[in-house]
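Asker: Have a look at this one.
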Amino acid sequence: MDLTRHTAAELADKLAAGEVSATEVTQAHLDRIAAVDDRVHAFLHVAAERALAQARDVDDKRARGDSLSPLAGVPIAVKDVFTTRGMPTTCGSRILEGWHPPYDATITQRLKANGLIILGKTNMDEFAMGSSTENSAFGPSRNPWDLSKVPGGSSGGSSAAVAAYEAPLAIGTDTGGSIRQPAAVCGIVGTKPTYGGSSRYGVIAFASSLDTPGPFGRTVLDTALLHEVMSGHDPMDSTSIDAPVPPVVSAARQADVSGMRIGVVSDLSGEGYQPGVMTRFQEAVELLEHLGAKVTEVSCPHFRYALPAYYLIAPSECSSNLARFDAMRYGLRIGDDGASDAEQVMAQTREQGFGAEVKRRIILGAYALSSGYYDAYYGKAQQVRTLIIRDFEAAFSQVDVLVSPATPTTAFGIGDRADDPMAMYLADLCTIPSDLAGNAAISVPCGLAAEDGLPAGLHVMAPAMADDRLYRVAAAAEAGLTERWGHPLLAGAKGLDR
Amino acid sequence: MIETERYDPVIGLETHVELGTRTKMFCGCTTIFGGIPNGQVCPVCLGLPGSLPVVNKVAIEYTIRIGLALNCTIASWCRFARKNYFYPDMPKNFQISQYDEPLCINGYLDVNVAGELVRVGIERVHLEEDTGKSLHVGGATGRIHGADYSLVDYNRAGIPLVEIVTKPVDGTGALAPVVARAYVTELRDLVRSLAVSDVRMEEGSMRCDVNTSLSPIGSGTWGTRTETKNVNSLRSVERAVRSEIERQAGVLDAGGRIVQETRHFHEDSGTTTSGRSKEEAQDYRYFPEPDLVPVAPPAEWVEQIRAALPQAPSVRRARLQAEWGVSDLDMAALRNADALDLVAGTVAAGASPADARKWWLGELARRANEAGTELAALAITPAQVARVAALVAEGSLNDKLARQVLEGVLAGEGDPDAVVAARGLAVVSDESALAEAVDAAIAANPEVAERVRNGKIPAAGVLLGAVMRATGGKADAAAVRALINQRLTGS
């Protein structure tokens with residue numbers, strides 16, 4: 001069997017048993033990338049030499065009998081928002097083209113320390129702003145289910161790479177849904193851990209109070225295995241939580257929802273939701289009930305204000321976070337002709353270095369923070385955020401987890417929403433509340449919408465630091481649904497076969 | 001000053017103090033002054049993409065120490081905020097500072113002005129990070145506009161900076177410039193006593209911005225204020241306020257309007273010139289720093305810090321003045337020369353207060369002045385000065401020899417006793433050696449000797465001088481006088 005068709009857990013077992021070498025596994029994935037990535041465009045940079053060197057190192061260690069981490073030798077794709085020492089890191093932007101960071105993100109370090117083989121850097125919407133990767137300065141990625149469709153975003157390169165078997169695992173970041181939405185529309189699993197559960201050090205900031213790194217996998221167990229190694233307290237990130245990582249792997253293996261109280265969020269349905277998506281979602285909920293969960297309906301009345309609040313808070317923070325890209329110290333520099341002054345060089349570089357969506361959000365954020373408008377915009381949005389947190393608190397006093405569809409619709413066509421920011425923003429309708437509240441959530445495939453044969457995701461939300469509950473529910477749903485389908489959902493993805 | 005008959009000056013001071021923490025505010029880089037440019041930087045203080053700040057707990061402790069010493073309330077919960085503006089020496093194009101939630105609020109500092117106590121209200125004490133340092137090369141103004149190119153050193157970027165903001169000080173009339181100086185002096189001594197900063201204005205570790213406005217007497221309203229920057233010595237604080245009062249009075253008297261603006265102080269002329277106008281000033285778009293969690297100093301910790309505060313400098317000064325029995329004027333001289341701690345140390349090492357003052361304000365002040373350094377920077381310790389004073393007191397040295405001993409110590413020749421031994425500087429009081437020199441002097445100056453014999457005692461000075469010359473200044477003057485008297489008058 002082609003090594004790229006194995007799950008990360010299977011590869012880990014084979015590597016540990018000495019059936020395959022890390023070099024073989026890595027080479028198989030590099031070959032797959034070489035074969036399909038011109039069509040998928042999941043990667044902005046493939047680090048073939050480095051990956052093979054890293055793989056040989058793992059093989060040598062294993063040969064010496066060194067004790068290795070469970071995922072040692074398993075390849076991974078890394079969203080281009082994480083700094084990687086000596087490897088390009090562009091954040092999908094022209095303004096960082098050619099920049100080689102002098103340091104590794106904490107998570108990059110942890111991946112390396114655990115022997116995961118970094119295949120390369122994946123495409124993304126510029127500075128993680130978008131839901132389709134169409135905002136990447138380097139062209140969009142494509143959905144392996146149908147190459148005319150978007151793979152979601154902003155971590156669309158990571159979701160496409162995993163769905164196209166270019167990598168068994170990937171990491172991304174979720175600010176408004178940027179892990180769960182691409183996972184849902186690509187038919188794979190993606191988790192937004194609790195805010196503070198995974199380190200932001202070395203993650204190029206979009207919106208600091210929301211950005212959350214998290215894992216992608218083709219199975220719930222794979223995702224949990226990666227979740228466990230990438231998470232945990234980091235003294236370099238003040239907002240990092242100093243507590244043990246919730247027992248996500250054992251929860252994924254447990255896959256048991258009997259007695260769990262599950263709340264269906266009534267506010268995340270209705271107008272704008274694709275019928276085929278809702279059908280698959282309802283079937284998944286019925287399955288969970290059948291498996292012993294206690295299902296009730298729960299209302300979170302302030303969720304309807306989450307999207308507008310998000311589009312004030314995130315741009316405000318981004319307007320400040322992105323101020324540092326000024327051509328003075330690194331990255332693109334335009335207009336340094338000896339006649340222009342520093343301010344002109346800054347302005348020209350930012351004008352030409354940032355794409356339209358990034359500029360839109362910087363302007364929106366600068367406006368929302370400006371004196372005289374702060375209270376009405378940023379201040380009010382923060383109050384809404386508190387109300388959303390209270391909605392969650394009230395809900396979690398009645399149920400253990402909340403569920404909803406992960407996205408209102410399946411993957412849309414490349415170009416379909418590119419000129420309509422509001423339509424694009426609606427892709428994150430279900431995922432944004434968890435980001436604003438800082439709690440944990442996962443998307444797990446729940447079937448194909450009847451209308452278009454494209455995947456839909458079941459969205460599970462849990463309280464902060466109860467990430468393990470996500471995996472219990474997602475693993476139970478995955479097991480039951482896979483049995484019903486007779487094969488993993490992704491086996492039906494034929495976009496690359498046509 | 002004539003202006004103050006028509007206007008009451010209102011002043012406010014914003015003082016920045018670089019804290020003497022070992023590492024920067026938000027990263028582990030060293031804060032040592034004078035390293036090679038950009039040699040003390042990391043991804044955090046360079047603001048590289050992805051890097052994040054982590055608060056230096058020692059900086060919080062130091063700030064609380066300053067706040068408590070200034071009688072402030074310490075916030076039980078406060079946050080950092082981002083101050084957004086573009087400038088090349090700001091690595092992130094925002095400064096992490098505090099805005100509406102400072103760490104310390106609402107205190108005061110009492111300062112002594114011409115024998116009167118003036119209470120200066122403290123609005124707030126907050127913590128922020130310093131920026132890098134720009135050097136604009138070429139061009140006429142030394143500023144970024146018009147420069148050929150600019151160099152930026154980020155070693156200073158991220159050094160913890162405390163900003164101490166006074167409440168407006170009014171009602172001091174013509175004394176306003178003196179009050180401003182007295183406040184900054186007192187603040188400097190206070191901060192130094194807390195051991196949280198070396199507070200060297202010339203190295204920029206303490207910097208002052210002075211707000212000045214004039215209120216027409218009897219109007220009950222304050223005028224438009226200006227903010228004078230670049231005021232970097234105690235003397236300049238006083239001069240800057242005086243110059244701004246005069247300038248603003250001139251404008252108002254001529255029927256003009258004061259523009260709210262930043263002004264730059266020039267040391268050479270003692271005047272200010274217009275800088276950026278605040279009326280078109282940028283909006284800093286402050287918002288709470290999302291990369292940092294709120295700071296909530298536990299009450300027990302604050303009380304521990306309070307309990308460990310040293311005696312306030314004013315209290316300590318009063319105690320020392322009483323112990324030493326010196327006048328207000330002498331105390332002022334010691335303070336102005338920055339010699340208080342040195343004298344106290346010398347007294348503690350056994351010297352009399354008078355001797356300690358004499359050496360530090362006399363010979364050593366002269367040496368420091370020659371070398372262009374401060375007293376404290378001289379290569380001599382209070383204990384060494386005390387030892388020199390002791391050698392003089394016991395008669396082993398006279399003042400002239402003592403000065404040579406000090407010179408030797410400053411030159412690195414060792415302790416006073418080692419210098420005395422190595423240079424052979426001990427006073428000669430051996431009777432027979434002195435008697436020989438006295439007899440020779442009498443023989444060489446018969447007329448002078450005759451006058452002394454005839455009762456003209458002051459003429460003996462000539463003979464004493466001759467003996468001193470002959471012995472290289474090492475003779476014990478008292479013993480020589482006794483021998484001359486014995487030889488010539490028989491007494």
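Just remember, in the structure tokens the first chain shown is A, the second B, etc., residues are 1-based per chain, and ligands are 1-based in the order shown.
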Go through region 332-378 of chain A residue by residue and, counting only C-alpha atoms, keep those with an atom at most 7 Å from region 91-112 of chain A; for each kept residue give the shortest atom pair and its distance in Å to one decimal, ordered by chain and increasing number, as JSON lines.

Answerer:
```
{"residue": "A:Leu332", "atom": "CA", "partner": "A:Ile95", "partner_atom": "CA", "distance": 4.9}
{"residue": "A:Gly353", "atom": "CA", "partner": "A:Ile95", "partner_atom": "CA", "distance": 4.4}
{"residue": "A:Phe354", "atom": "CA", "partner": "A:Ile95", "partner_atom": "CA", "distance": 6.3}
```

Asker: Hey, which bits of chain B sit within 7 Å of chain A, and for each residue what's the closest pair of atoms and how far apart in Å (one decimal), counting only C-alpha atoms, rows by chain and increasing number, as CSV?

Answerer:
```
residue,atom,partner,partner_atom,distance
B:Pro49,CA,A:Ile204,CA,5.2
B:Gly50,CA,A:Gly202,CA,3.9
B:Ser51,CA,A:Gly202,CA,5.3
B:Leu52,CA,A:Tyr201,CA,5.9
B:Val54,CA,A:Ser238,CA,5.6
B:Asn84,CA,A:Ser320,CA,6.7
B:Pro88,CA,A:Met328,CA,6.7
B:Pro91,CA,A:Arg324,CA,6.6
B:Lys92,CA,A:Arg324,CA,4.4
B:Asn93,CA,A:Arg324,CA,5.3
B:Asp283,CA,A:Ser370,CA,6.5
B:Arg285,CA,A:Ser370,CA,5.0
B:Pro290,CA,A:Ser209,CA,5.4
B:Asp291,CA,A:Ser208,CA,6.1
B:Leu292,CA,A:Ser238,CA,5.7
B:Val293,CA,A:Thr239,CA,6.1
```

Asker: For a test of reading the model, state the distance in Å between CA of Asn336 (chain B) and CA of Thr172 (chain B), rounded to one decimal.

Answerer: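 Between CA of Asn336 (chain B) and CA of Thr172 (chain B) the gap is 22.3 Å.
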
Asker: Show which residues sit within 9 Å of Asn211 (chain B), as a ChimeraX atom specification. Count only C-alpha atoms, and ignore same-chain residues fewer than 4 positions away.

Answerer: /B:10-14,168,225-229,241

Asker: Convert the current residue selection to file output with C-alpha atoms, as a PDB file, in the first residue's frame.

Answerer:
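Final output, saved to part-v3.pdb:
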```pdb
ATOM      1  CA  VAL B  10       1.282  76.349  35.745  1.00  0.00           C
ATOM      2  CA  ILE B  11       3.845  73.605  35.280  1.00  0.00           C
ATOM      3  CA  GLY B  12       3.670  69.864  34.934  1.00  0.00           C
ATOM      4  CA  LEU B  13       6.532  67.433  34.648  1.00  0.00           C
ATOM      5  CA  GLU B  14       6.746  64.081  32.943  1.00  0.00           C
ATOM      6  CA  PRO B 168      -0.396  70.515  37.415  1.00  0.00           C
ATOM      7  CA  ARG B 225       0.261  74.516  27.409  1.00  0.00           C
ATOM      8  CA  THR B 226       3.399  73.584  25.565  1.00  0.00           C
ATOM      9  CA  GLU B 227       5.477  70.481  26.158  1.00  0.00           C
ATOM     10  CA  THR B 228       9.219  71.066  26.160  1.00  0.00           C
ATOM     11  CA  LYS B 229      11.295  68.002  25.406  1.00  0.00           C
ATOM     12  CA  VAL B 241      10.656  76.622  32.455  1.00  0.00           C
TER      13      VAL B 241
END
```

Asker: With a distance cut-off of 12 Å and only C-alpha atoms, select the neighbouring residues of region 255-261 of chain B, excluding the residue or stretch itself and same-chain residues fewer than 2 positions from it, and output the selection as JSON, numbers by chain.

Answerer: {"B": [210, 211, 212, 213, 214, 215, 222, 223, 224, 225, 226, 227, 228, 229, 244, 245, 247, 248, 249, 250, 251, 252, 253, 263, 264, 272, 273, 274, 275, 276, 277, 278, 279, 280, 281]}

Asker: Go ahead and write the selection's residues with C-alpha atoms as an mmCIF file, in the first residue's frame.

Answerer:
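What landed in result09.cif:
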```cif
data_model
loop_
_atom_site.group_PDB
_atom_site.id
_atom_site.type_symbol
_atom_site.label_atom_id
_atom_site.label_comp_id
_atom_site.auth_asym_id
_atom_site.auth_seq_id
_atom_site.Cartn_x
_atom_site.Cartn_y
_atom_site.Cartn_z
ATOM 1 C CA VAL B 210 8.205 70.023 30.984
ATOM 2 C CA ASN B 211 4.686 71.302 30.426
ATOM 3 C CA THR B 212 4.225 75.015 30.892
ATOM 4 C CA SER B 213 1.242 77.306 30.588
ATOM 5 C CA LEU B 214 0.396 80.764 31.855
ATOM 6 C CA SER B 215 -2.769 81.701 33.626
ATOM 7 C CA TRP B 222 -5.351 77.952 32.615
ATOM 8 C CA GLY B 223 -3.746 78.858 29.367
ATOM 9 C CA THR B 224 -2.727 76.622 26.477
ATOM 10 C CA ARG B 225 0.261 74.516 27.409
ATOM 11 C CA THR B 226 3.399 73.584 25.565
ATOM 12 C CA GLU B 227 5.477 70.481 26.158
ATOM 13 C CA THR B 228 9.219 71.066 26.160
ATOM 14 C CA LYS B 229 11.295 68.002 25.406
ATOM 15 C CA GLU B 244 9.004 79.176 28.290
ATOM 16 C CA ILE B 245 7.404 81.525 30.830
ATOM 17 C CA ARG B 247 8.381 83.413 25.734
ATOM 18 C CA GLN B 248 4.699 82.755 26.432
ATOM 19 C CA ALA B 249 4.331 86.023 28.339
ATOM 20 C CA GLY B 250 5.841 87.819 25.372
ATOM 21 C CA VAL B 251 3.383 86.198 22.988
ATOM 22 C CA LEU B 252 0.393 86.915 25.235
ATOM 23 C CA ASP B 253 1.474 90.477 25.941
ATOM 24 C CA ARG B 263 9.017 72.418 21.832
ATOM 25 C CA HIS B 264 12.668 71.474 21.880
ATOM 26 C CA THR B 272 13.075 76.481 23.135
ATOM 27 C CA THR B 273 12.040 76.148 19.512
ATOM 28 C CA SER B 274 8.835 74.877 18.010
ATOM 29 C CA GLY B 275 8.555 71.180 17.238
ATOM 30 C CA ARG B 276 5.582 69.136 16.158
ATOM 31 C CA SER B 277 2.248 70.834 16.614
ATOM 32 C CA LYS B 278 -0.033 68.884 18.892
ATOM 33 C CA GLU B 279 -3.072 70.353 17.203
ATOM 34 C CA GLU B 280 -2.338 68.244 14.163
ATOM 35 C CA ALA B 281 -0.900 65.483 16.307
#
```

Asker: Please provide as a PyMOL selection string all residues within 7 Å of region 152-165 of chain A, with the sequence filter that same-chain residues fewer than 4 positions apart are discarded (counting only C-alpha atoms).

Answerer: chain A and resi 4-5+42-43+77-79+122-125+128-133+141-144+169-173+178-179+181-183+185-186+188+216-218+411

Asker: Skipping near chain neighbours, those fewer than 2 positions away, what residues fall within 12 Å of region 415-429 of chain B using only C-alpha atoms, listed as a PyMOL selection string?

Answerer: chain B and resi 379-392+394-413+431-435+437+467-468+470-483

Asker: At what distance in Å, to one decimal, does CA of Gln98 (chain B) lie from CA of Tyr286 (chain B)?

Answerer: 9.0 Å
